[in-house]
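**Q** So that we are looking at the same thing, I have put the structure below in structure tokens.
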Amino acid sequence: MPNQTSNHRDTPLRRFNAFWWGLAYFSIFGILSALVYWQTGSPVDAVAQERASGRLEVRAKVDAAQAELLPPADATDKLTDEIKAGPQATDQFVPGSESHKRAMEQLASGGDEAANEGFKLYTAKACNTCHGADANRPISPAYPKLGGQTAEYLLAQIKDIHNGVRANGQSAVMKGMTTAMNLTEDEMKKISDWIATLDKPDVVLPEGDGKNLYMAKACATCHGPDANTPIMPAYPRLAGQNSQYLYDQMKAIKDGARANGQSAVMKGIMANVSEEEMKVIADWVAGQKADQQ
Amino acid sequence: MSTQSNASNTEDIELRSSIDRSLRHPVMFFFTSGAAWLAVSLVLGIIASIKTHNPAFLGEYSFIQYGRAFPAHINALVYGWGAQAAFGVMIWLMARLSRQPSKNAGTLLVAGHIWNLGVSLGTIGILAGFGTGKHWMEFPTFVWPVLLASYAAIAIWVVISFKVRRGDHAYISQWYILAACIWFPWIYLTANLYVNVFDVHPLVAAAVNGWFRQALTLLFFVPIAIASAYYITAKVTGRAVYNYSYSAGGFWALAIIAPWAGMNALMGAPIPLFLQYTGAAASMLVAVPLIFAGVNVLKTTSGQAEKLAHSPSLRFTVAGVFGMLSLAVLGVILAHPDAMRYSQFSLAGYGYDILALYGSFSMCMFGAIYFIVPRITRREWLSRRLIRTHFWFSVYGVCLMLLFCTLLGSFQQGAAQENFNQPWKQAVNSTFPYAVGTTLAWCAILWANIFFFIHLTLMWLRLGRRSSHPTLLRREHSALGPHGPEGDIEELESAKA
């Protein structure tokens with residue numbers, strides 16, 4: 001019969017040993033991990049470095065190519081500043097601009113069914129994500145303002161981008177959207193019709209070098225002296241467009257990167273316009289807000 | 001002969017009550033604070049689960065957005081409830097089986113408070129946005145050394161108590177507890193070194209993290225659950241464990257297989273193929289030790305239907321063992337490389353974790369708590385109805401979770417995600433009913449544990465019934481009430497003598 005009251009195994013020495021051995025067991029795998037880490041953590045060998053150099057070169061190339069495609073680094077900062085300053089400077093603020101408010105009111109009151117449908121599609125197909133709620137506040141200066149553009153021109157561009165005929169610049173993004181959203185021709189037409197009813201960008205075109213150059217290079221022949229009255233609906237209205245976008249398009253048409261629709265006509269004209277001149281024209285056509293003059 | 005055995009019987013009772021007395025405060029502390037963390041984790045779990053089907057729910061509060069509520073939920077469940085329930089069961093069971101009162105209640109209590117402080121800081125850290133984003137290791141990195149140190153201060157006494165046990169015999173429960181005791185620092189220290197300290201390739205860290213989750217489940221929570229299940233069934237049924245070879249075989253099978261499991265979480269990632277496939281094979285093979293232990297426990301209880309129905313401890317334990325067997329089957333299904341196509345990026349992993357942590361481990365812990373608490377507080381549980389509610393709503397919750405989250409939802413989601421002909425949103429939409437089902441499951445579990453927490457707190461405040469009759473889940477009425485005569489245990493015993 002074992003004695004219940006005394007326990008010959010319970011000695012201070014045994015407790016002491018168990019304590020230290022126990023802690024050793026607890027930490028042994030940590031020590032092993034550290035040893036494994038220090039043993040295997042040798043510096044990268046020459047072969048690996050040689051292999052990596054090829055990869056790094058390709059990566060540098062890709063990075064450079066990407067950087068070229070992207071809008072300038074400070075573009076988003078500028079845009080942010082513009083948006084921040086917006087509410088005080090003008091009523092054209094996402095999403096509460098006048099034409100957007102009107103569209104919302106019209107929608108609420110029933111209104112014109114065809115126009116409402118265009119507005120609903122514009123939102124439902126996520127056009128507003130990039131071009132803004134009132135179609136005039138694109139998220140990037142590389143994207144165009146759309147409000148008040150002629151319906152024919154808009155429809156033609158949407159179709160061309162969708163079919164891959166126009167593929168310059170940021171068209172890849174837009175093509176992705178038209179595909180992902182399953183835009184039908186009928187829907188494209190409704191959206192274009194609705195956008196055409198909106199307010200044009202609210203700007204004033206000043207006198208000066210820009211205007212002179214615009215006239216001298218014969219831009220006015222087709223797009224109108226105020227850059228807003230094209231001679232046919234297949235030509236775009238330009239006044240108030242983002243300067244960055246205008247410049248990109250002029251360059252793309254001159255280089256042949258954009259060759260859809262009536263671009264062939266424009267390409268001939270652009271042959272006589274240098275990049276510096278394009279910049280000046282683009283800045284002038286983009287115009288100034290009325291209260292900044 | 002009879003007087004001698006009577007005398008030794010009395011000595012035995014005295015020894016057991018002195019063990020219970022020596023551990024009353026630390027064990028009750030671990031159980032009650034664990035139950036409180038369980039409640040916190042369940043509330044966070046419900047919020048996170050609602051956000052999966054209703055993202056705008058409470059959307060304006062940044063501290064409980066999904067990316068914070070979910071990790072806070074799972075970490076509070078693992079370290080707040082799981083580990084603390086395990087500590088309580090470990091120290092009590094080891095002391096009882098070693099037949100040696102504890103001399104270190106004070107140290108245990110202090111270490112327990114430090115552990116709770118670590119878990120609190122970690123959870124607040126996650127909610128404040130300082131989570132690390134590594135599954136089950138989301139606590140800000142300063143927390144893990146604190147937890148590890150307080151773990152060492154708690155678990156070292158378990159090791160010592162085993163070394164100074166009376167007699168040379170070691171019970172199977174002691175094997176499992178001692179092993180879990182040593183495995184936890186191995187898993188926790190290695191994983192944290194590789195993920196948080198060493199400057200290793202991020203893929204290595206991700207693979208180690210995948211191993212960590214599976215290892216913590218299979219090498220800490222599962223062994224503790226098995227240890228408690230063996231003890232409770234043998235004690236309550238008054239029988240020896242069904243088959244000794246099964247116990248030993250199950251133990252060594254677990255020790256050999258389980259450490260390999262886990263890296264299958266990175267199936268298809270650019271880590272060596274053998275790691276992924278060994279992980280998958282081990283996750284499936286781990287069914288063997290789980291079935292060994294499960295069958296052994298169930299065989300021990302066979303033919304004891306009445307005890308099973310009446311004893312809350314046995315009922316919870318057997319439910320936990322069924323949870324363990326379903327975990328074994330699910331491991332085989334979900335970790336199969338063909339099924340991983342569907343289960344890898346779906347709800348399945350979460351469902352598996354919850355089945356392991358709640359359906360199997362927690363149910364066994366509840367069984368142990370219903371057994372231990374009356375013995376250390378010397379009061380009986382107050383209400384059969386509270387226990388029944390706790391049991392049934394837990395079972396409903398686990399079954400709903402198993403059905404909606406682990407099986408149907410995960411495969412539906414996985415198949416929808418694999419179908420490239422339909423938009424991604426369709427896959428999200430098709431998961432909606434299962435996500436709602438998961439929320440319902442959590443609500444049932446929360447409902448169950450509110451009653452458990454209240455009941456346990458009353459017991460902790462020593463407001464339990466003073467009676468020598470345990471609270472059994474019987475329905476019959478007697479003149480004396482369902483629990484037999486009321487009164488203090490000492491008085492009743494002296495009256496009997």
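Within each chain, counting starts at residue 1; across the structure tokens, chains are named A, B, ... in the order shown, with ligands numbered 1 upward in that order.
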Residues at most 9 Å from Lys200 (chain A), counting only C-alpha atoms, excluding those fewer than 3 positions away in the same chain, as JSON, numbers by chain?

**A** {"A": [136, 145, 146, 147, 148, 149, 196, 197, 203, 239, 240]}

**Q** Give one line per residue of chain B that approaches chain A to at most 6 Å, naming the two atoms of the closest pair and their distance in Å to one decimal, counting only C-alpha atoms; sort by chain then ascending residue number and deliver it as a Markdown table.

**A**
```
| residue | atom | partner | partner_atom | distance |
| --- | --- | --- | --- | --- |
| B:Ile160 | CA | A:Ala18 | CA | 5.3 |
| B:Val164 | CA | A:Asp10 | CA | 4.7 |
| B:Arg166 | CA | A:Asn7 | CA | 5.8 |
| B:Ile182 | CA | A:Phe26 | CA | 5.8 |
| B:Pro185 | CA | A:Phe26 | CA | 5.3 |
| B:Trp186 | CA | A:Phe29 | CA | 5.4 |
| B:Leu189 | CA | A:Gly30 | CA | 5.7 |
| B:Thr190 | CA | A:Gly30 | CA | 5.4 |
```

**Q** If you run DSSP on this backbone, which residues of region 5-189 of chain A come out as alpha helix (DSSP H), and could you give them as a PyMOL selection string?

**A** chain A and resi 12-40+46-69+75-89+98-108+113-124+127-131+151-163+171-180+185-189

**Q** Taking into account only C-alpha atoms, which residue in the set B:Cys443, B:Phe345, B:Trp424, B:Leu473 is nearest to Ile387 (chain B)?

**A** B:Leu473

**Q** Which residues come within 8 Å of Ile224 (chain B), counting only C-alpha atoms, excluding same-chain residues fewer than 5 positions away, as an MDAnalysis selection string?

**A** chainID B and resid 86 89:90 176:177 180 361

**Q** Quick one: write out the picked residues with N, CA and C atoms as a compact mmCIF listing (two decimals), in the first residue's frame?

**A**
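Result written to selection-v6.txt:
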```txt
# COMPACT_ATOMS: atom_id res chain seq x y z
N ALA B 86 -7.29 25.94 -21.77
CA ALA B 86 -6.30 24.86 -21.79
C ALA B 86 -5.40 24.93 -20.55
N VAL B 89 -7.28 23.61 -17.47
CA VAL B 89 -7.43 22.15 -17.49
C VAL B 89 -6.08 21.47 -17.30
N MET B 90 -5.04 22.03 -17.96
CA MET B 90 -3.71 21.45 -17.85
C MET B 90 -3.21 21.38 -16.42
N TYR B 176 -0.39 13.35 -22.98
CA TYR B 176 -0.87 14.38 -23.89
C TYR B 176 -0.60 15.78 -23.34
N ILE B 177 -0.84 15.96 -22.03
CA ILE B 177 -0.66 17.31 -21.46
C ILE B 177 0.81 17.71 -21.50
N ALA B 180 1.76 18.55 -25.06
CA ALA B 180 1.22 19.84 -25.48
C ALA B 180 1.99 20.97 -24.83
N PHE B 361 -12.38 21.27 -29.51
CA PHE B 361 -11.62 21.66 -28.32
C PHE B 361 -12.51 22.27 -27.24
```

**Q** Using DSSP on the backbone coordinates, identify the residues of region 54-293 of chain A assigned to strand (DSSP E or B); present them as a PDB file with N, CA and C atoms, in the first residue's frame.

**A**
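Dumped to part24.pdb:
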```pdb
ATOM      1  N   VAL A 203     -15.718  77.712 -69.263  1.00  0.00           N
ATOM      2  CA  VAL A 203     -14.422  78.409 -69.312  1.00  0.00           C
ATOM      3  C   VAL A 203     -14.480  79.595 -70.263  1.00  0.00           C
ATOM      4  N   VAL A 204     -13.488  80.418 -70.126  1.00  0.00           N
ATOM      5  CA  VAL A 204     -13.333  81.570 -71.018  1.00  0.00           C
ATOM      6  C   VAL A 204     -12.013  81.408 -71.749  1.00  0.00           C
ATOM      7  N   GLN A 288      -9.623  79.155 -69.284  1.00  0.00           N
ATOM      8  CA  GLN A 288      -9.525  79.508 -67.869  1.00  0.00           C
ATOM      9  C   GLN A 288     -10.911  79.618 -67.295  1.00  0.00           C
ATOM     10  N   LYS A 289     -11.008  79.296 -66.013  1.00  0.00           N
ATOM     11  CA  LYS A 289     -12.297  79.474 -65.352  1.00  0.00           C
ATOM     12  C   LYS A 289     -12.602  80.952 -65.297  1.00  0.00           C
TER      13      LYS A 289
END
```
